[in-house]
Amino acid sequence: MTPKNGSLCLFAGNSNPDLARKIAEYLNMSLCGAVVKRFSDGEIQIEIDENVRTKDVFVIQSTCDPVNDNLVELLLMVDALKRASARRITAVIPYYGYARQDKKVAPRVPISAKLVADLLTTAGATRVITMDLHAGQIQGFFNIPVDNLYAAPVLLDYIKANFNKDLVIVSPDAGGVERARAFAKRLNAGLAIVDKRRSAPNKAQAMAVIGDVKDKIVIIQDDMIDTAGTLTEAVNAIVERGAREVHACCAHPVLSGPAVDRINASPITSIVCTDTIPLNEKAATCNKIKVLSISNLVGEAIIRSYTGDSVTSLFV
Ligand code: R5P
């Protein structure tokens, strides 16, 4: 009889097959089989193809566009694994959608990031591995352990290899200052902040730049670029103040709606992002965008989580 208790199984939803394949390659293992089908009215049906009884299961799924389908697919997979008696189920969510709705910013609005946390826990997730959460405190929305990984090691290596002097890291809004400051410190670069106002979701306006960007090589650092309104507004404000070149980096290339048109029309030179989300068709044609893979980082976090080694020490 082969002892199978606690052996590691890797599953993936359909949100980011390339990333899942790369993570599996890093772990030198195959993805386990699961079939995702549709009922004729669009409901999702899941069938797990392998015995997972007493196994330590990891399910890789970014809740990116189509956000609701990918989220439900993840929830149903976790539920199926729970009912199939998996010992532990870790939802590996490189991009955690709905994270921006993390507090009541107006009367009678939901806290969607909390609801998603509750849904995952109710479905049966016993741990979560995610990356660059929009707000770190979302970890507290879960009553199960959450490892919030950072794309920083991958992005910083790239920046160090491609930029050296006169560098200023810019946060495109007040909320991102802590992240930008951490980058500036590691790169020994200056720090500046754009004062952004929002009149409505996805409508950003840059009001002022705090800090010196004149004649500098600027890298705007953000957790995500969605419609690129925040980014291109910040670029314009920085260019007006005399920056020599403007680039950007982010973990999550959401790039929805007018994003790619805005980026193409903007004086920004380049954007480096990661593959937490696959580039959509239009973004894949944009030669200003470069994608770096975080697969090894996530793979390493999975293996450490499995063996009980420190995950935090990946980032010190
Ligand atoms: C906002 O707080 C986030 O960090 C991003 O700056 C924002 O979500 C980007 O959205 P958009 O690209 O639509 O302006």
# chains A, B, ... in the order shown; residues from 1 in each chain; ligands from 1

call {"tool": "closest_atom_pairs", "arguments": {"of": "chain A", "to": "ligand 1", "cutoff": "6 Å", "atoms": "only C-alpha atoms and all ligand atoms", "output": "tab-separated table"}}
result
residue	atom	partner	partner_atom_place_in_ligand_line	distance
A:Asn202	CA	ligand 1	13 (O)	4.3
A:Ala204	CA	ligand 1	14 (O)	5.8
A:Asp222	CA	ligand 1	4 (O)	5.6
A:Asp223	CA	ligand 1	4 (O)	5.3
A:Met224	CA	ligand 1	5 (C)	5.3
A:Ile225	CA	ligand 1	12 (O)	4.1
A:Asp226	CA	ligand 1	12 (O)	3.5
A:Thr227	CA	ligand 1	13 (O)	3.6
A:Ala228	CA	ligand 1	12 (O)	3.4
A:Gly229	CA	ligand 1	14 (O)	3.9
A:Thr230	CA	ligand 1	14 (O)	3.6

call {"tool": "residues_around", "arguments": {"residues": "region 9-14 of chain A", "least_positions_apart": "4", "cutoff": "10 Å", "atoms": "only C-alpha atoms", "output": "PyMOL selection string"}}
result
chain A and resi 18-21+23-24+27+29-36+46+48+50-52+55-63+69-71+73-74+77+86+89-92+302

call {"tool": "write_last_selection", "arguments": {"atoms": "C-alpha atoms", "output": "short mmCIF file (atom, residue, chain, number, x, y, z; two decimals), in the first residue's frame"}}
result
data_model
loop_
_atom_site.label_atom_id
_atom_site.label_comp_id
_atom_site.auth_asym_id
_atom_site.auth_seq_id
_atom_site.Cartn_x
_atom_site.Cartn_y
_atom_site.Cartn_z
CA ASP A 18 0.01 29.59 -19.10
CA LEU A 19 0.80 30.66 -15.57
CA ALA A 20 -0.58 27.38 -14.16
CA ARG A 21 1.59 25.41 -16.62
CA ILE A 23 4.01 26.89 -11.92
CA ALA A 24 3.58 23.14 -12.51
CA LEU A 27 7.25 22.23 -9.19
CA MET A 29 4.72 18.00 -11.50
CA SER A 30 1.65 17.70 -13.71
CA LEU A 31 -1.60 19.52 -13.16
CA CYS A 32 -4.32 17.17 -11.93
CA GLY A 33 -7.35 16.69 -14.12
CA ALA A 34 -10.61 18.56 -13.71
CA VAL A 35 -13.32 19.08 -16.27
CA VAL A 36 -15.18 22.37 -16.44
CA ILE A 46 -17.06 20.89 -12.39
CA ILE A 48 -12.56 16.50 -10.43
CA GLU A 50 -8.65 12.29 -9.56
CA ASN A 51 -8.89 10.95 -6.07
CA VAL A 52 -7.93 13.75 -3.65
CA LYS A 55 -4.39 15.24 -0.14
CA ASP A 56 -2.92 18.73 0.23
CA VAL A 57 -4.54 20.45 -2.73
CA PHE A 58 -3.63 23.78 -4.37
CA VAL A 59 -6.03 25.37 -6.87
CA ILE A 60 -4.55 28.08 -9.11
CA GLN A 61 -7.07 30.63 -10.34
CA SER A 62 -6.87 34.39 -10.84
CA THR A 63 -10.23 36.08 -10.47
CA ASP A 69 -17.08 33.26 -14.17
CA ASN A 70 -13.56 32.77 -12.87
CA LEU A 71 -14.67 33.38 -9.30
CA GLU A 73 -15.32 28.36 -11.22
CA LEU A 74 -12.87 28.65 -8.31
CA MET A 77 -13.72 23.64 -7.65
CA ALA A 86 -9.12 16.79 0.42
CA ILE A 89 -7.35 23.21 0.12
CA THR A 90 -5.28 26.27 -0.74
CA ALA A 91 -6.80 28.75 -3.16
CA VAL A 92 -3.85 30.20 -5.08
CA ILE A 302 3.35 26.58 -2.84
#

call {"tool": "residues_around", "arguments": {"residues": "region 96-106 of chain A", "least_positions_apart": "4", "cutoff": "8 Å", "atoms": "only C-alpha atoms", "output": "number ranges by chain"}}
result
A: 62-64, 67, 110-114, 116, 130-131, 133-135, 138

call {"tool": "select_by_dssp", "arguments": {"residues": "region 116-244 of chain A", "states": "alpha helix (DSSP H)", "output": "ChimeraX atom specification"}}
result
/A:116-123,152-162,177-187,229-240

call {"tool": "select_by_dssp", "arguments": {"residues": "region 146-246 of chain A", "states": "strand (DSSP E or B)", "output": "number ranges by chain"}}
result
A: 146-149, 167-171, 190-200, 203-210, 217-225, 245-246

call {"tool": "write_last_selection", "arguments": {"atoms": "C-alpha atoms", "output": "PDB file, in the first residue's frame"}}
result
ATOM      1  CA  VAL A 146      -3.439  34.167   3.912  1.00  0.00           C
ATOM      2  CA  ASP A 147      -0.011  34.565   2.324  1.00  0.00           C
ATOM      3  CA  ASN A 148       0.120  37.850   0.434  1.00  0.00           C
ATOM      4  CA  LEU A 149       3.104  37.477  -1.899  1.00  0.00           C
ATOM      5  CA  LEU A 167      15.626  57.330 -10.998  1.00  0.00           C
ATOM      6  CA  VAL A 168      12.467  58.480  -9.214  1.00  0.00           C
ATOM      7  CA  ILE A 169       9.676  56.096  -8.202  1.00  0.00           C
ATOM      8  CA  VAL A 170       6.249  57.693  -8.334  1.00  0.00           C
ATOM      9  CA  SER A 171       3.079  56.571  -6.621  1.00  0.00           C
ATOM     10  CA  GLY A 190      13.865  59.306  -5.192  1.00  0.00           C
ATOM     11  CA  LEU A 191      10.155  59.226  -4.352  1.00  0.00           C
ATOM     12  CA  ALA A 192       7.312  61.385  -5.646  1.00  0.00           C
ATOM     13  CA  ILE A 193       3.538  61.224  -5.297  1.00  0.00           C
ATOM     14  CA  VAL A 194       0.714  62.225  -7.594  1.00  0.00           C
ATOM     15  CA  ASP A 195      -2.342  63.661  -5.902  1.00  0.00           C
ATOM     16  CA  LYS A 196      -5.174  61.828  -7.681  1.00  0.00           C
ATOM     17  CA  ARG A 197      -8.879  62.553  -7.336  1.00  0.00           C
ATOM     18  CA  ARG A 198     -11.677  60.279  -8.490  1.00  0.00           C
ATOM     19  CA  SER A 199     -15.085  61.609  -9.527  1.00  0.00           C
ATOM     20  CA  ALA A 200     -16.400  58.054 -10.153  1.00  0.00           C
ATOM     21  CA  LYS A 203     -12.362  58.092 -13.595  1.00  0.00           C
ATOM     22  CA  ALA A 204      -9.090  59.519 -12.357  1.00  0.00           C
ATOM     23  CA  GLN A 205      -7.717  63.050 -12.438  1.00  0.00           C
ATOM     24  CA  ALA A 206      -4.153  63.977 -11.445  1.00  0.00           C
ATOM     25  CA  MET A 207      -4.133  67.247  -9.472  1.00  0.00           C
ATOM     26  CA  ALA A 208      -0.530  67.811  -8.391  1.00  0.00           C
ATOM     27  CA  VAL A 209       2.865  66.139  -8.142  1.00  0.00           C
ATOM     28  CA  ILE A 210       4.578  66.159  -4.776  1.00  0.00           C
ATOM     29  CA  ILE A 217      13.794  58.880 -15.266  1.00  0.00           C
ATOM     30  CA  VAL A 218      10.457  58.190 -13.639  1.00  0.00           C
ATOM     31  CA  ILE A 219       8.903  54.804 -12.912  1.00  0.00           C
ATOM     32  CA  ILE A 220       5.263  54.949 -11.852  1.00  0.00           C
ATOM     33  CA  GLN A 221       4.562  52.048  -9.548  1.00  0.00           C
ATOM     34  CA  ASP A 222       1.074  50.666  -8.922  1.00  0.00           C
ATOM     35  CA  ASP A 223      -0.537  47.388  -7.906  1.00  0.00           C
ATOM     36  CA  MET A 224      -2.688  47.290 -11.052  1.00  0.00           C
ATOM     37  CA  ILE A 225      -3.411  49.117 -14.272  1.00  0.00           C
ATOM     38  CA  GLU A 245      11.362  59.596 -19.504  1.00  0.00           C
ATOM     39  CA  VAL A 246       8.350  57.965 -17.904  1.00  0.00           C
TER      40      VAL A 246
END

call {"tool": "atom_distance", "arguments": {"atom1": "CA of Val78 (chain A)", "atom2": "CA of Asp275 (chain A)"}}
result
22.8 Å

call {"tool": "atom_distance", "arguments": {"atom1": "CA of Phe141 (chain A)", "atom2": "CA of Ser310 (chain A)"}}
result
22.1 Å

call {"tool": "closest_residue", "arguments": {"among": "A:Thr276, A:Glu25, A:Ala80, A:Lys160", "to": "Asp49 (chain A)", "atoms": "only C-alpha atoms"}}
result
A:Ala80

call {"tool": "decode", "arguments": {"residues": "region 237-254 of chain A", "atoms": "N, CA and C atoms", "output": "PDB file, in the first residue's frame"}}
result
ATOM      1  N   ALA A 237       0.940  64.502 -15.937  1.00  0.00           N
ATOM      2  CA  ALA A 237       1.352  65.450 -14.890  1.00  0.00           C
ATOM      3  C   ALA A 237       2.874  65.436 -14.732  1.00  0.00           C
ATOM      4  N   ILE A 238       3.453  64.261 -14.843  1.00  0.00           N
ATOM      5  CA  ILE A 238       4.908  64.123 -14.640  1.00  0.00           C
ATOM      6  C   ILE A 238       5.671  64.698 -15.827  1.00  0.00           C
ATOM      7  N   VAL A 239       5.164  64.445 -17.027  1.00  0.00           N
ATOM      8  CA  VAL A 239       5.814  64.988 -18.232  1.00  0.00           C
ATOM      9  C   VAL A 239       5.767  66.527 -18.185  1.00  0.00           C
ATOM     10  N   GLU A 240       4.612  67.075 -17.792  1.00  0.00           N
ATOM     11  CA  GLU A 240       4.473  68.542 -17.668  1.00  0.00           C
ATOM     12  C   GLU A 240       5.507  69.135 -16.727  1.00  0.00           C
ATOM     13  N   ARG A 241       5.908  68.347 -15.733  1.00  0.00           N
ATOM     14  CA  ARG A 241       6.883  68.847 -14.754  1.00  0.00           C
ATOM     15  C   ARG A 241       8.309  68.518 -15.149  1.00  0.00           C
ATOM     16  N   GLY A 242       8.518  68.141 -16.415  1.00  0.00           N
ATOM     17  CA  GLY A 242       9.877  68.076 -16.955  1.00  0.00           C
ATOM     18  C   GLY A 242      10.622  66.759 -16.814  1.00  0.00           C
ATOM     19  N   ALA A 243       9.905  65.626 -16.572  1.00  0.00           N
ATOM     20  CA  ALA A 243      10.612  64.335 -16.489  1.00  0.00           C
ATOM     21  C   ALA A 243      11.236  64.003 -17.844  1.00  0.00           C
ATOM     22  N   ARG A 244      12.391  63.320 -17.808  1.00  0.00           N
ATOM     23  CA  ARG A 244      13.080  62.970 -19.057  1.00  0.00           C
ATOM     24  C   ARG A 244      12.375  61.800 -19.742  1.00  0.00           C
ATOM     25  N   GLU A 245      12.042  60.792 -18.966  1.00  0.00           N
ATOM     26  CA  GLU A 245      11.362  59.596 -19.504  1.00  0.00           C
ATOM     27  C   GLU A 245      10.395  59.102 -18.448  1.00  0.00           C
ATOM     28  N   VAL A 246       9.281  58.542 -18.886  1.00  0.00           N
ATOM     29  CA  VAL A 246       8.350  57.965 -17.904  1.00  0.00           C
ATOM     30  C   VAL A 246       8.056  56.504 -18.266  1.00  0.00           C
ATOM     31  N   HIS A 247       8.193  55.637 -17.279  1.00  0.00           N
ATOM     32  CA  HIS A 247       7.893  54.213 -17.423  1.00  0.00           C
ATOM     33  C   HIS A 247       6.911  53.848 -16.305  1.00  0.00           C
ATOM     34  N   ALA A 248       6.426  52.617 -16.343  1.00  0.00           N
ATOM     35  CA  ALA A 248       5.541  52.178 -15.243  1.00  0.00           C
ATOM     36  C   ALA A 248       5.788  50.715 -14.946  1.00  0.00           C
ATOM     37  N   CYS A 249       5.486  50.322 -13.726  1.00  0.00           N
ATOM     38  CA  CYS A 249       5.508  48.894 -13.405  1.00  0.00           C
ATOM     39  C   CYS A 249       4.314  48.575 -12.516  1.00  0.00           C
ATOM     40  N   CYS A 250       3.797  47.373 -12.667  1.00  0.00           N
ATOM     41  CA  CYS A 250       2.679  46.949 -11.816  1.00  0.00           C
ATOM     42  C   CYS A 250       2.655  45.430 -11.764  1.00  0.00           C
ATOM     43  N   ALA A 251       1.982  44.912 -10.750  1.00  0.00           N
ATOM     44  CA  ALA A 251       1.847  43.451 -10.655  1.00  0.00           C
ATOM     45  C   ALA A 251       0.752  42.959 -11.610  1.00  0.00           C
ATOM     46  N   HIS A 252      -0.392  43.669 -11.623  1.00  0.00           N
ATOM     47  CA  HIS A 252      -1.580  43.115 -12.273  1.00  0.00           C
ATOM     48  C   HIS A 252      -2.008  43.916 -13.520  1.00  0.00           C
ATOM     49  N   PRO A 253      -1.784  43.367 -14.717  1.00  0.00           N
ATOM     50  CA  PRO A 253      -2.186  44.077 -15.937  1.00  0.00           C
ATOM     51  C   PRO A 253      -3.659  43.814 -16.283  1.00  0.00           C
ATOM     52  N   VAL A 254      -4.549  44.484 -15.581  1.00  0.00           N
ATOM     53  CA  VAL A 254      -5.986  44.280 -15.831  1.00  0.00           C
ATOM     54  C   VAL A 254      -6.330  44.768 -17.253  1.00  0.00           C
TER      55      VAL A 254
END
